[in-house]
Each structure stands twice: as structure tokens, then as C-alpha cells.
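Data from run03.txt: compact mmCIF, C-alpha atoms
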```txt
# COMPACT_ATOMS: atom_id res chain seq x y z
CA MET Q 85 -38.32 -45.81 -37.91
CA THR Q 86 -36.60 -42.43 -37.75
CA PHE Q 87 -33.91 -41.63 -35.21
CA PRO Q 88 -32.85 -38.04 -34.52
CA VAL Q 89 -29.69 -36.51 -35.95
CA ILE Q 90 -27.38 -34.72 -33.50
CA GLY Q 91 -24.99 -32.10 -34.80
CA VAL Q 92 -21.81 -31.25 -32.92
CA ILE Q 93 -20.05 -27.95 -33.52
CA GLY Q 94 -16.34 -28.70 -33.26
CA GLY Q 95 -14.41 -31.77 -34.31
CA GLY Q 96 -12.12 -32.41 -31.35
CA GLN Q 97 -11.74 -35.44 -29.11
CA LEU Q 98 -14.96 -34.74 -27.22
CA ALA Q 99 -17.01 -34.99 -30.42
CA ARG Q 100 -15.04 -38.11 -31.33
CA MET Q 101 -15.91 -39.78 -28.04
CA MET Q 102 -19.63 -39.09 -28.57
CA ALA Q 103 -19.54 -41.25 -31.69
CA GLY Q 104 -19.41 -44.64 -29.96
CA PRO Q 105 -22.41 -44.03 -27.67
CA ALA Q 106 -24.33 -42.52 -30.61
CA VAL Q 107 -23.84 -45.72 -32.62
CA GLU Q 108 -24.90 -47.84 -29.65
CA LEU Q 109 -28.12 -45.81 -29.30
CA GLY Q 110 -28.78 -45.90 -33.05
CA LEU Q 111 -28.37 -42.15 -33.39
CA GLU Q 112 -26.72 -40.31 -36.25
CA LEU Q 113 -23.94 -37.93 -35.21
CA ARG Q 114 -22.72 -35.23 -37.58
CA VAL Q 115 -19.80 -32.91 -36.95
CA LEU Q 116 -18.92 -29.40 -38.11
CA ALA Q 117 -15.14 -29.82 -38.12
CA GLU Q 118 -12.39 -27.23 -38.18
CA GLY Q 119 -10.42 -29.21 -40.77
CA PRO Q 120 -10.42 -32.56 -42.59
CA ASP Q 121 -7.95 -34.18 -40.21
CA VAL Q 122 -9.30 -33.23 -36.77
CA ALA Q 123 -10.05 -35.96 -34.25
CA ALA Q 124 -13.77 -36.57 -34.83
CA VAL Q 125 -13.77 -36.78 -38.62
CA ALA Q 126 -12.59 -40.39 -38.75
CA ALA Q 127 -15.18 -41.44 -36.17
CA VAL Q 128 -18.41 -40.18 -37.78
CA ALA Q 129 -20.10 -41.00 -41.06
CA ARG Q 130 -20.74 -37.37 -41.99
CA ALA Q 131 -18.41 -34.50 -41.20
CA GLN Q 132 -18.62 -31.06 -42.76
CA VAL Q 133 -15.54 -28.83 -42.73
CA GLY Q 134 -16.40 -25.23 -42.02
CA ASP Q 135 -15.84 -22.13 -39.94
CA TYR Q 136 -17.91 -22.06 -36.74
CA ARG Q 137 -17.49 -18.26 -36.72
CA ASP Q 138 -19.51 -17.86 -39.94
CA LEU Q 139 -23.29 -17.59 -39.56
CA GLU Q 140 -24.22 -19.03 -42.97
CA THR Q 141 -21.95 -22.05 -42.37
CA LEU Q 142 -23.67 -22.65 -39.04
CA ARG Q 143 -27.10 -22.26 -40.60
CA ALA Q 144 -26.30 -24.74 -43.38
CA PHE Q 145 -25.03 -27.26 -40.84
CA ALA Q 146 -28.01 -26.78 -38.53
CA ALA Q 147 -30.45 -27.33 -41.39
CA GLY Q 148 -29.61 -31.03 -41.52
CA VAL Q 149 -29.84 -31.90 -37.82
CA ASP Q 150 -32.49 -32.08 -35.10
CA VAL Q 151 -30.34 -30.83 -32.21
CA LEU Q 152 -27.10 -28.87 -32.03
CA THR Q 153 -24.55 -29.31 -29.25
CA PHE Q 154 -20.88 -28.45 -28.78
CA ASP Q 155 -17.37 -29.84 -28.61
CA HIS Q 156 -16.09 -26.47 -27.30
CA GLU Q 157 -17.39 -23.12 -26.06
CA HIS Q 158 -15.82 -20.84 -28.66
CA VAL Q 159 -18.77 -20.21 -31.01
CA PRO Q 160 -19.59 -16.47 -30.83
CA GLY Q 161 -22.66 -15.93 -28.69
CA GLU Q 162 -24.27 -13.52 -31.14
CA LEU Q 163 -24.24 -16.23 -33.82
CA LEU Q 164 -25.85 -18.71 -31.47
CA ASP Q 165 -28.53 -16.12 -30.67
CA ARG Q 166 -29.28 -15.89 -34.41
CA LEU Q 167 -29.57 -19.66 -34.66
CA ALA Q 168 -31.93 -19.71 -31.69
CA LEU Q 169 -34.10 -17.07 -33.40
CA ASP Q 170 -34.12 -19.33 -36.47
CA GLY Q 171 -35.70 -22.02 -34.29
CA VAL Q 172 -32.62 -24.25 -34.00
CA ALA Q 173 -32.62 -26.49 -30.91
CA LEU Q 174 -29.37 -25.65 -29.10
CA HIS Q 175 -28.21 -27.57 -26.02
CA PRO Q 176 -26.97 -25.89 -23.97
CA SER Q 177 -28.83 -22.73 -24.90
CA PRO Q 178 -26.90 -19.53 -25.68
CA PRO Q 179 -27.83 -17.88 -22.33
CA ALA Q 180 -26.63 -20.93 -20.39
CA LEU Q 181 -23.48 -21.33 -22.48
CA ARG Q 182 -22.40 -17.75 -21.79
CA HIS Q 183 -21.58 -18.77 -18.22
CA ALA Q 184 -18.88 -21.08 -19.58
CA GLN Q 185 -17.78 -18.69 -22.33
CA ASP Q 186 -17.25 -15.65 -20.10
CA LYS Q 187 -15.69 -15.96 -16.65
CA LEU Q 188 -17.03 -12.58 -15.55
CA VAL Q 189 -20.58 -13.68 -16.39
CA MET Q 190 -19.95 -16.89 -14.45
CA ARG Q 191 -18.55 -15.10 -11.39
CA ARG Q 192 -21.57 -12.77 -11.25
CA ALA Q 193 -23.97 -15.72 -11.49
CA VAL Q 194 -22.21 -17.68 -8.74
CA GLU Q 195 -22.28 -14.58 -6.54
CA ASP Q 196 -25.97 -13.96 -7.24
CA LEU Q 197 -26.74 -17.56 -6.19
CA GLY Q 198 -24.82 -17.11 -2.94
CA LEU Q 199 -22.44 -19.98 -3.75
CA PRO Q 200 -18.78 -19.91 -2.65
CA ASN Q 201 -16.69 -17.67 -4.93
CA PRO Q 202 -13.11 -16.53 -4.44
CA ALA Q 203 -12.84 -12.76 -4.02
CA TRP Q 204 -12.92 -11.26 -7.52
CA ARG Q 205 -13.31 -8.03 -9.47
CA ALA Q 206 -13.62 -6.85 -13.06
CA VAL Q 207 -10.58 -4.66 -13.85
CA ARG Q 208 -9.39 -2.46 -16.70
CA THR Q 209 -6.14 -0.92 -15.45
CA LEU Q 210 -3.06 -1.83 -13.46
CA ALA Q 211 -4.32 0.53 -10.78
CA ASP Q 212 -7.51 -1.55 -10.56
CA VAL Q 213 -5.46 -4.71 -10.06
CA GLU Q 214 -3.30 -3.07 -7.40
CA SER Q 215 -6.36 -1.76 -5.59
CA PHE Q 216 -7.83 -5.26 -5.54
CA ALA Q 217 -4.56 -6.72 -4.22
CA ASP Q 218 -4.41 -4.05 -1.51
CA ALA Q 219 -7.82 -5.28 -0.33
CA THR Q 220 -7.24 -9.03 -0.58
CA GLY Q 221 -3.47 -9.45 -0.38
CA TRP Q 222 -0.88 -10.66 -2.88
CA PRO Q 223 -0.58 -12.76 -4.99
CA VAL Q 224 -3.58 -12.33 -7.29
CA VAL Q 225 -4.64 -14.17 -10.43
CA LEU Q 226 -5.43 -12.26 -13.62
CA LYS Q 227 -7.62 -14.04 -16.19
CA THR Q 228 -8.90 -13.27 -19.66
CA PRO Q 229 -12.69 -13.69 -19.39
CA ARG Q 230 -13.01 -15.53 -22.70
CA GLY Q 231 -11.05 -18.19 -24.54
CA GLY Q 232 -8.64 -19.45 -21.88
CA TYR Q 233 -8.12 -23.13 -21.12
CA ASP Q 234 -5.40 -25.47 -19.81
CA GLY Q 235 -3.62 -22.57 -18.12
CA LYS Q 236 -3.83 -20.26 -21.14
CA GLY Q 237 -5.21 -16.82 -20.37
CA VAL Q 238 -4.10 -17.01 -16.71
CA LEU Q 239 -1.37 -14.92 -15.11
CA VAL Q 240 -0.34 -15.08 -11.45
CA VAL Q 241 0.86 -11.67 -10.25
CA ARG Q 242 2.83 -12.29 -7.07
CA ASP Q 243 3.52 -8.75 -5.86
CA ALA Q 244 3.39 -5.09 -6.81
CA ALA Q 245 6.85 -5.35 -8.38
CA GLY Q 246 5.55 -7.96 -10.82
CA LEU Q 247 2.54 -5.93 -11.82
CA ALA Q 248 4.25 -4.29 -14.79
CA ALA Q 249 4.37 -7.70 -16.52
CA ALA Q 250 0.57 -7.61 -16.66
CA GLY Q 251 0.53 -4.35 -18.60
CA SER Q 252 0.28 -6.07 -21.99
CA TRP Q 253 -2.86 -7.89 -20.81
CA LEU Q 254 -4.75 -4.68 -20.10
CA THR Q 255 -5.54 -3.27 -23.52
CA GLY Q 256 -8.91 -1.65 -22.89
CA GLY Q 257 -11.27 -4.54 -22.26
CA GLU Q 258 -12.35 -5.93 -18.91
CA LEU Q 259 -10.29 -8.66 -17.29
CA LEU Q 260 -11.05 -10.79 -14.25
CA VAL Q 261 -8.81 -10.62 -11.19
CA GLU Q 262 -9.21 -13.13 -8.37
CA GLN Q 263 -7.61 -13.80 -5.05
CA PHE Q 264 -4.93 -16.48 -5.12
CA VAL Q 265 -6.59 -19.40 -3.35
CA PRO Q 266 -4.40 -21.58 -1.07
CA PHE Q 267 -6.38 -24.74 -1.76
CA ARG Q 268 -5.69 -28.33 -0.72
CA ARG Q 269 -6.56 -29.87 -4.11
CA GLU Q 270 -8.79 -29.42 -7.12
CA LEU Q 271 -12.14 -31.15 -7.30
CA SER Q 272 -14.67 -31.58 -10.07
CA VAL Q 273 -18.26 -32.74 -10.24
CA LEU Q 274 -20.22 -33.43 -13.41
CA VAL Q 275 -23.95 -32.87 -13.64
CA ALA Q 276 -26.26 -33.80 -16.51
CA ARG Q 277 -29.62 -32.09 -16.99
CA ARG Q 278 -32.30 -32.61 -19.61
CA PRO Q 279 -34.63 -29.89 -20.96
CA SER Q 280 -37.59 -31.25 -18.99
CA GLY Q 281 -35.60 -30.57 -15.81
CA ASP Q 282 -34.35 -33.93 -14.54
CA ALA Q 283 -30.73 -33.73 -13.38
CA ILE Q 284 -28.17 -36.14 -11.96
CA THR Q 285 -24.54 -35.99 -10.83
CA TRP Q 286 -21.59 -38.37 -10.82
CA PRO Q 287 -19.35 -38.82 -7.76
CA VAL Q 288 -17.08 -35.89 -6.91
CA VAL Q 289 -13.53 -36.50 -8.20
CA GLU Q 290 -10.05 -35.17 -7.55
CA SER Q 291 -8.38 -33.58 -10.56
CA ILE Q 292 -4.58 -33.43 -10.50
CA GLN Q 293 -3.00 -30.74 -12.67
CA VAL Q 294 0.58 -30.69 -13.96
CA ASP Q 295 1.76 -27.48 -15.66
CA SER Q 296 -1.87 -26.29 -15.72
CA VAL Q 297 -3.02 -29.37 -17.69
CA CYS Q 298 -5.16 -32.14 -16.23
CA ASP Q 299 -2.84 -35.09 -15.67
CA GLU Q 300 -4.88 -37.52 -13.59
CA VAL Q 301 -8.37 -37.92 -12.15
CA LEU Q 302 -9.19 -40.01 -9.07
CA ALA Q 303 -12.79 -41.16 -8.72
CA PRO Q 304 -14.27 -40.78 -6.24
CA ALA Q 305 -12.09 -38.09 -4.63
CA PRO Q 306 -10.23 -39.95 -1.86
CA ASP Q 307 -10.83 -38.93 1.77
CA LEU Q 308 -13.30 -36.20 0.85
CA PRO Q 309 -15.47 -35.32 3.87
CA GLY Q 310 -19.06 -36.36 3.27
CA GLU Q 311 -20.42 -32.93 4.07
CA VAL Q 312 -18.15 -31.31 1.45
CA ALA Q 313 -19.10 -33.90 -1.18
CA ALA Q 314 -22.78 -33.27 -0.44
CA ALA Q 315 -22.34 -29.48 -0.58
CA VAL Q 316 -20.42 -29.60 -3.86
CA THR Q 317 -23.02 -31.89 -5.41
CA ALA Q 318 -25.86 -29.63 -4.27
CA ALA Q 319 -24.05 -26.61 -5.72
CA ALA Q 320 -23.66 -28.33 -9.11
CA LEU Q 321 -27.35 -29.22 -9.22
CA ARG Q 322 -28.34 -25.70 -8.22
CA LEU Q 323 -26.12 -24.17 -10.89
CA ALA Q 324 -27.52 -26.48 -13.56
CA GLU Q 325 -31.09 -25.65 -12.60
CA SER Q 326 -30.58 -21.91 -12.13
CA LEU Q 327 -28.60 -21.41 -15.35
CA GLY Q 328 -30.89 -23.64 -17.41
CA VAL Q 329 -28.10 -26.02 -18.41
CA THR Q 330 -28.98 -28.85 -20.80
CA GLY Q 331 -26.44 -31.60 -21.43
CA VAL Q 332 -23.37 -32.26 -19.30
CA MET Q 333 -21.71 -29.53 -17.25
CA ALA Q 334 -18.46 -29.77 -15.28
CA VAL Q 335 -18.07 -27.67 -12.15
CA GLU Q 336 -14.39 -27.28 -11.24
CA LEU Q 337 -13.64 -26.38 -7.63
CA PHE Q 338 -10.93 -25.76 -5.05
CA GLU Q 339 -11.10 -27.70 -1.79
CA THR Q 340 -10.42 -25.32 1.11
CA PRO Q 341 -10.58 -27.30 4.38
CA GLY Q 342 -11.58 -25.20 7.36
CA VAL Q 343 -12.39 -22.14 5.24
CA GLY Q 344 -16.02 -21.23 4.58
CA ALA Q 345 -18.01 -24.07 3.07
CA GLY Q 346 -14.82 -26.08 2.46
CA TYR Q 347 -14.75 -25.34 -1.26
CA LEU Q 348 -14.74 -22.51 -3.81
CA ILE Q 349 -16.08 -22.65 -7.38
CA ASN Q 350 -13.34 -22.19 -9.96
CA GLU Q 351 -14.78 -22.64 -13.48
CA LEU Q 352 -17.65 -24.16 -15.47
CA ALA Q 353 -17.56 -26.17 -18.70
CA MET Q 354 -20.86 -26.88 -20.47
CA ARG Q 355 -19.95 -30.02 -22.35
CA PRO Q 356 -18.33 -33.35 -21.51
CA HIS Q 357 -15.08 -32.68 -19.70
CA ASN Q 358 -11.62 -34.16 -19.16
CA SER Q 359 -12.44 -34.75 -15.49
CA GLY Q 360 -15.30 -37.01 -16.57
CA HIS Q 361 -13.41 -39.32 -18.93
CA TRP Q 362 -13.20 -41.93 -16.16
CA THR Q 363 -16.98 -42.43 -16.50
CA MET Q 364 -16.54 -44.08 -19.91
CA ASP Q 365 -15.38 -47.27 -18.16
CA GLY Q 366 -15.92 -46.53 -14.47
CA ALA Q 367 -19.58 -45.47 -14.16
CA ALA Q 368 -22.89 -47.10 -14.98
CA THR Q 369 -23.43 -44.42 -17.64
CA GLY Q 370 -20.54 -42.55 -19.21
CA GLN Q 371 -20.61 -38.80 -19.71
CA PHE Q 372 -20.75 -39.00 -23.52
CA GLU Q 373 -23.79 -41.27 -23.61
CA GLN Q 374 -25.40 -39.15 -20.92
CA HIS Q 375 -24.79 -35.96 -22.88
CA LEU Q 376 -26.56 -37.42 -25.90
CA ARG Q 377 -29.47 -38.59 -23.75
CA ALA Q 378 -29.74 -35.19 -22.09
CA VAL Q 379 -29.74 -33.06 -25.26
CA LEU Q 380 -32.48 -35.30 -26.70
CA ASP Q 381 -34.48 -35.05 -23.44
CA LEU Q 382 -34.28 -38.81 -22.94
CA PRO Q 383 -34.31 -40.39 -19.46
CA LEU Q 384 -30.88 -40.08 -17.83
CA GLY Q 385 -28.80 -43.13 -16.95
CA ALA Q 386 -27.51 -44.13 -13.52
CA THR Q 387 -24.18 -42.54 -12.60
CA HIS Q 388 -22.83 -44.65 -9.74
CA ALA Q 389 -19.21 -45.83 -9.89
CA ILE Q 390 -18.83 -49.53 -10.71
CA ALA Q 391 -15.54 -49.97 -8.82
CA GLU Q 392 -14.21 -48.74 -5.50
CA HIS Q 393 -11.53 -46.72 -7.30
CA ALA Q 394 -11.26 -45.47 -10.89
CA VAL Q 395 -8.26 -43.60 -12.27
CA MET Q 396 -8.02 -41.61 -15.49
CA LYS Q 397 -4.51 -40.80 -16.70
CA ASN Q 398 -4.04 -38.46 -19.64
CA VAL Q 399 -1.58 -39.45 -22.36
CA LEU Q 400 0.40 -36.45 -23.54
CA GLY Q 401 2.58 -36.43 -26.63
CA GLY Q 402 6.19 -37.44 -26.01
CA ALA Q 403 9.06 -39.16 -27.75
CA ASN Q 404 6.96 -41.93 -29.28
CA THR Q 405 5.11 -41.15 -32.52
CA ASP Q 406 4.08 -44.77 -33.22
CA LEU Q 407 1.27 -45.24 -30.72
CA TYR Q 408 0.05 -48.48 -32.24
CA GLY Q 409 3.57 -49.86 -32.13
CA ALA Q 410 3.49 -49.38 -28.35
CA TYR Q 411 0.21 -51.28 -27.94
CA PRO Q 412 1.69 -54.76 -27.33
CA SER Q 413 3.75 -53.50 -24.39
CA ALA Q 414 1.13 -51.07 -23.10
CA LEU Q 415 -1.81 -53.44 -23.24
CA SER Q 416 0.07 -56.36 -21.73
CA SER Q 417 1.37 -54.21 -18.88
CA GLY Q 418 -2.14 -53.34 -17.74
CA THR Q 419 -4.58 -55.79 -19.27
CA SER Q 420 -7.51 -54.40 -17.28
CA ALA Q 421 -6.72 -50.81 -18.29
CA LYS Q 422 -8.71 -49.25 -21.11
CA VAL Q 423 -6.88 -47.16 -23.70
CA HIS Q 424 -8.65 -44.33 -25.52
CA VAL Q 425 -6.71 -42.66 -28.35
CA TYR Q 426 -7.94 -39.47 -30.03
CA GLY Q 427 -6.55 -39.86 -33.56
CA LYS Q 428 -4.36 -36.77 -33.28
CA GLY Q 429 -0.85 -36.20 -34.51
CA VAL Q 430 1.71 -36.44 -31.74
CA ARG Q 431 3.21 -33.22 -30.41
CA PRO Q 432 5.04 -32.80 -27.11
CA GLY Q 433 2.55 -31.96 -24.38
CA ARG Q 434 -0.54 -32.41 -26.58
CA LYS Q 435 -3.43 -34.50 -25.23
CA ILE Q 436 -3.50 -37.52 -27.52
CA GLY Q 437 -5.45 -39.99 -25.40
CA HIS Q 438 -6.16 -41.27 -21.93
CA VAL Q 439 -6.07 -44.47 -19.93
CA ASN Q 440 -8.79 -45.62 -17.53
CA ALA Q 441 -8.03 -48.19 -14.84
CA LEU Q 442 -10.48 -49.69 -12.33
CA ALA Q 443 -9.78 -51.37 -9.01
CA VAL Q 444 -10.56 -55.02 -8.48
CA PRO Q 445 -12.22 -55.71 -5.11
CA GLY Q 446 -9.88 -54.80 -2.27
CA GLU Q 447 -7.22 -53.24 -4.52
CA PRO Q 448 -5.71 -50.02 -3.10
CA LEU Q 449 -5.91 -46.77 -5.01
CA ALA Q 450 -2.11 -46.48 -5.23
CA THR Q 451 -1.92 -49.71 -7.23
CA VAL Q 452 -4.62 -48.58 -9.65
CA ARG Q 453 -2.82 -45.28 -10.16
CA ALA Q 454 0.45 -47.08 -10.83
CA ARG Q 455 -1.20 -49.29 -13.45
CA ALA Q 456 -2.79 -46.37 -15.30
CA SER Q 457 0.45 -44.38 -15.18
CA ARG Q 458 2.49 -47.31 -16.45
CA VAL Q 459 0.28 -47.83 -19.50
CA ALA Q 460 0.22 -44.09 -20.27
CA ALA Q 461 4.02 -43.87 -19.97
CA ILE Q 462 4.54 -46.73 -22.41
CA LEU Q 463 2.26 -45.06 -24.95
CA ARG Q 464 4.08 -41.76 -24.46
CA ASP Q 465 7.63 -43.13 -24.57
CA GLY Q 466 7.20 -46.26 -26.68
CA THR Q 467 9.20 -48.40 -24.24
CA ASP Q 468 8.17 -51.12 -21.81
CA LEU Q 469 8.93 -50.98 -18.13
CA PRO Q 470 10.80 -54.00 -16.75
CA SER Q 471 8.71 -53.97 -13.59
CA ALA Q 472 5.38 -54.09 -15.39
CA GLU Q 473 4.80 -57.80 -14.90
CA GLN Q 474 6.04 -57.74 -11.32
CA ASP Q 475 3.82 -54.80 -10.43
CA ARG Q 476 0.65 -56.28 -11.81
CA PRO Q 477 -1.78 -56.84 -8.92
CA LYS Q 478 -2.42 -60.44 -7.97
CA GLY Q 479 -5.56 -61.77 -9.63
CA MET Q 480 -5.60 -59.05 -12.29
CA GLN Q 481 -6.73 -60.42 -15.65
```
Could the structure of this file be written out as C-alpha cells, please?
Amino acid sequence: MTFPVIGVIGGGQLARMMAGPAVELGLELRVLAEGPDVAAVAAVARAQVGDYRDLETLRAFAAGVDVLTFDHEHVPGELLDRLALDGVALHPSPPALRHAQDKLVMRRAVEDLGLPNPAWRAVRTLADVESFADATGWPVVLKTPRGGYDGKGVLVVRDAAGLAAAGSWLTGGELLVEQFVPFRRELSVLVARRPSGDAITWPVVESIQVDSVCDEVLAPAPDLPGEVAAAVTAAALRLAESLGVTGVMAVELFETPGVGAGYLINELAMRPHNSGHWTMDGAATGQFEQHLRAVLDLPLGATHAIAEHAVMKNVLGGANTDLYGAYPSALSSGTSAKVHVYGKGVRPGRKIGHVNALAVPGEPLATVRARASRVAAILRDGTDLPSAEQDRPKGMQ
């Protein structure tokens, strides 16, 4: 009996977290890694180190797999077009992936579909930016169309006096400028779609950012009006269908109560996403298993939440460099919490893992958040919290 081989371009934590579901489904996962010590290498049987910006390297890697998918969106589009012409099965396809690679392409597509966009414009000069701000009001947000993530490639220009600071950004190519959106909170919805067209979403979640990095995800988004949740979900499904997405896509949004449809689309990511890590333990089918199913055109799994509340808390590098040494305290302080570590070296502020915590019946969200935060803090700092035992919810095993 022959099972398909899935190749993943990129060896980060997302590729690493595909490995477990691949083993469970009997699939072989291979990785084209950036170096011998990146996160996914230790988790897969076969990893090839190579440059994803080199066509012949990509061709050699693709020759040994049945389907290619991605850990990140940084592979040059022209190289992916060449692979597609070679007959390589790419999921998502290069035309779909461009909407996550280039924010200007994404903005135009959202506008063409009539979905809620912030005001935006392609700009080349400081005068272009100032003209846009004159029309929409200050502040404005300047973004590099390609390559930005976790706050990188984003500059808030608060007034005309601060515009000179943006001069170094405008070096001849197009940039994206957007209105500064006074939103209530950030939302995210994940959708999975298979090549034959079936698509499904998970519950809409709240994504809490600290210093432009995802810190915590609350699933489902608490107190979200039903009509907004339905509209956001419909938008994600429409985007997936219209753009021809295959695999998992995250749609990141701003909630804007009382303004327009109640939300604006912020960004797209065409791969498993930080805002979906809660699904690994909190949904009937996790995003990594679903991504593998989708790229192979297998039936998609159910996506309902299995607890009233699920909380994902990112673990960022801190004072503690001995993560395993912190396990006894961390795991005993939240015995129902699930720890996921990415196999990365510890650096301050670097994402090195996450914690998922689920509510027991009747448990309030605040208590679940406290449990996830406590475990993450112990891993980060390497010290126990005296209140851990006292704070543990009654009946928690």
C-alpha cells in the first residue's frame, strides 16, 4: 500500500507541527529546511537543507514528493510558476498564494469582491502619502507589500510632521498606505478548502497582540455578535472560493462595532496560522491535520470546538534557557494545559512554543486564561508561582 509524500517548503514550527498529524494518518512528510537546526528537522524522517530561492533546489526537492505545500509565504512567485509549469502539484497554487505574499494584490482582490477593506492606496512618494492622509485623516499606516510579519514592515505615521521618518521606506517601489483603523479588537477566522471545492471554517477567535506579536488567542471570540461572526465566516469562505485557496487560510480582521459591516479585513495567511494553534487541542480537527487533508483533497474533518472556552498562550523567549527543567513546575501548575515546544534556541521575544488550555464545564474564561498564562510564564521564567496550586480550578485534573 502506497501513501502519498507531502513536501513542505520551509522548516519552521508550522512544518514541525504538521509532523504529528502526518504520522497519525500514515503519511510521509519531507521538509526543505533553511538549515540543519531549524525547528522541523528533528520532527521528520527526511529533511533536505537547501535554498528555497534557488529553482534547481526546488525542482530536486519536488521530484521526490507528490504534493508541495508551505511553512511560509516567502518563496519567489516566479519560481513557483516554473514549478507549476513542470507539473508540480502546489497547494496553495501560485496565483492564490500571491494574495498572501503581496498586500497590494490582496487589497485589490478584497476590493474587487466588495468585502470590507480599510481605505488604502498604492504610493511611491511622500507626497502620495500626504495626499492620502489629507483625504482620510491622520494617522496612516505605511506597509511594505511583501515580506512583513509580526509588526515588521509596518510604520504608523501619526501626522505630517512625522512624515519625513518614512522617507527611507520610499525608495522607488510601490508601498501600501492604509487608514489607521480605530478597532475594538483583532479577530481571526481559519478556513480550509480542498481542490475539489469543499470548504469549512473554525469558530471566529479573538487574537490579542502585544508589541505587534500574537500573545494570546481566545476561542471562540467572547461576546462577538452573531451577525458579525456569520459575516466574517461568510467572507472567509468567499475569499477561499474566489481566490482558489487550497489548504488552510487565516483571515485576520479588525472588529469595528457600529461601523460598516462591523469588521474590516486586515491580512491573509495561506498556511496554518498562529491564531489557529488552539485547534490542536480545542477543536474536533486541528488545523495541521486539516491542512494535510486539504492539500491531498481528502474529506475535511469537523471543526467544532470541544470546550466552551479554549485559550492559546504563546511562549516567548525569556530568562529561562532550560525549558525542560521548568516542566515539573509548569506541568503541575496546569495539569490540563497542553504544552507545545518548537525545538528552537531561546532568544528574548522569540516564539519558542505555546500553551493550550481548555475549560471544564462551567469554568469561566478568565480562569482558563490565568491557567494558560501561568504555565507559559513558568516556561519563560523558569520559576514556579506560589499561587499555582491555590488558583487551580476545583475539579481540575
task = Considering only C-alpha atoms, return as number ranges by chain whatever protein or nucleic-acid residues lie within 9 Å of Pro432 of chain Q, sequence-local ones (same chain, fewer than 2 positions apart) excluded.
result = Q: 400-403, 430, 434-435
Just write the chosen residues, C-alpha atoms, as a short mmCIF file (atom, residue, chain, number, x, y, z; two decimals), keeping the file's coordinate frame.
```cif
data_model
loop_
_atom_site.label_atom_id
_atom_site.label_comp_id
_atom_site.auth_asym_id
_atom_site.auth_seq_id
_atom_site.Cartn_x
_atom_site.Cartn_y
_atom_site.Cartn_z
CA LEU Q 400 0.40 -36.45 -23.54
CA GLY Q 401 2.58 -36.43 -26.63
CA GLY Q 402 6.19 -37.44 -26.01
CA ALA Q 403 9.06 -39.16 -27.75
CA VAL Q 430 1.71 -36.44 -31.74
CA ARG Q 434 -0.54 -32.41 -26.58
CA LYS Q 435 -3.43 -34.50 -25.23
#
```
query = Using only C-alpha atoms, which residue out of Q:Val379, Q:Trp204, Q:Asn398, Q:Met190 lies closest to Val294 of chain Q?
reply =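 For Val294 of chain Q, the nearest of the given residues is Q:Asn398.
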Counting only C-alpha atoms, which residues of segment 322-345 of chain Q fall within 12 Å of segment 149-172 of chain Q, and what is the closest atom pair for each with its distance in Å at one decimal, ordered by chain and rising number, as a Markdown table?
```
| residue | atom | partner | partner_atom | distance |
| --- | --- | --- | --- | --- |
| Q:Val329 | CA | Q:Thr153 | CA | 11.9 |
| Q:Thr330 | CA | Q:Thr153 | CA | 9.6 |
| Q:Gly331 | CA | Q:Thr153 | CA | 8.4 |
| Q:Val332 | CA | Q:Thr153 | CA | 10.4 |
| Q:Met333 | CA | Q:Phe154 | CA | 11.6 |
```
query = So which one's closest to Ser280 of chain Q, Q:Gly96, Q:Gly91, Q:Pro200, Q:Gly328? Using only C-alpha atoms, please.
reply =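 Distance minimum relative to Ser280 of chain Q lands on Q:Gly328.
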Contacts of segment 116-126 of chain Q within 7 Å, only C-alpha atoms, excl. fewer than 5 positions in-chain, as a PyMOL selection string = chain Q and resi 92-97+99-100+131-135+426-428
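Here atom CA of Ile390 of chain Q and atom CA of Val316 of chain Q stand 21.1 Å from one another.
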key: Neighbour list for Pro105 of chain Q as a list in words, cut-off 9 Å, all atoms listed in the file, skip fewer than 6 positions in-chain   =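 Final neighbour list, sorted by chain and number: Leu111, Gly370, Phe372, Glu373, Gln374 and Leu376 of chain Q.
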Show me, as JSON, the centre and edge lengths in Å to one decimal of the axis-aligned box that covers every listed atom of segment 344-355 of chain Q with 4 Å on each side.
```
{"center_x": -17.1, "center_y": -25.6, "center_z": -8.9, "size_x": 15.5, "size_y": 16.8, "size_z": 34.9}
```
Counting only C-alpha atoms, note down every residue that has an atom within 7 Å of the point (-13.2, -28.5, -13.4) (file coordinates), as a tab-separated table (two decimals) with C-alpha atoms, keeping the file's coordinate frame.
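Printed below is part-v9.tsv as written:
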```tsv
chain	number	residue	atom	x	y	z
Q	271	LEU	CA	-12.14	-31.15	-7.30
Q	272	SER	CA	-14.67	-31.58	-10.07
Q	334	ALA	CA	-18.46	-29.77	-15.28
Q	335	VAL	CA	-18.07	-27.67	-12.15
Q	336	GLU	CA	-14.39	-27.28	-11.24
Q	337	LEU	CA	-13.64	-26.38	-7.63
Q	351	GLU	CA	-14.78	-22.64	-13.48
Q	352	LEU	CA	-17.65	-24.16	-15.47
Q	359	SER	CA	-12.44	-34.75	-15.49
```
task = Calculate how many Å separate atom CA of Ala283 of chain Q from atom CA of Ala320 of chain Q, rounding to one decimal.
result =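 It comes out at 9.9 Å.
Residues in contact with Thr220 of chain Q at 10 Å, where all atoms listed in the file are counted and same-chain residues fewer than 5 positions away are skipped, are listed as Ala203, Trp204, Glu214, Ser215, Glu262, Gln263 and Phe264 of chain Q.
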message = Could you tell me how far atom CA of Trp362 of chain Q sits from atom CA of Val107 of chain Q, in Å to one decimal place?
response = 20.0 Å
Write a file for segment 167-174 of chain Q, containing N, CA, C and O atoms (output as a short mmCIF file (atom, residue, chain, number, x, y, z; two decimals), in the first residue's frame).
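Writing the result to out_16.cif gives the following:
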```cif
data_model
loop_
_atom_site.label_atom_id
_atom_site.label_comp_id
_atom_site.auth_asym_id
_atom_site.auth_seq_id
_atom_site.Cartn_x
_atom_site.Cartn_y
_atom_site.Cartn_z
N LEU Q 167 7.69 25.85 -11.28
CA LEU Q 167 7.34 24.52 -10.76
C LEU Q 167 5.97 24.07 -11.27
O LEU Q 167 5.77 22.91 -11.63
N ALA Q 168 5.02 25.00 -11.27
CA ALA Q 168 3.69 24.67 -11.77
C ALA Q 168 3.75 24.25 -13.24
O ALA Q 168 3.07 23.29 -13.66
N LEU Q 169 4.56 24.94 -14.04
CA LEU Q 169 4.72 24.56 -15.45
C LEU Q 169 5.37 23.19 -15.58
O LEU Q 169 5.12 22.47 -16.56
N ASP Q 170 6.19 22.82 -14.60
CA ASP Q 170 6.81 21.49 -14.59
C ASP Q 170 5.79 20.40 -14.26
O ASP Q 170 6.11 19.21 -14.35
N GLY Q 171 4.60 20.80 -13.80
CA GLY Q 171 3.59 19.82 -13.42
C GLY Q 171 3.56 19.48 -11.95
O GLY Q 171 2.88 18.53 -11.54
N VAL Q 172 4.28 20.25 -11.12
CA VAL Q 172 4.29 20.01 -9.68
C VAL Q 172 2.95 20.43 -9.09
O VAL Q 172 2.42 21.50 -9.41
N ALA Q 173 2.39 19.59 -8.22
CA ALA Q 173 1.15 19.92 -7.52
C ALA Q 173 1.48 20.83 -6.35
O ALA Q 173 2.14 20.41 -5.38
N LEU Q 174 1.05 22.09 -6.43
CA LEU Q 174 1.34 23.09 -5.40
C LEU Q 174 0.04 23.51 -4.72
O LEU Q 174 -0.93 23.89 -5.39
#
```
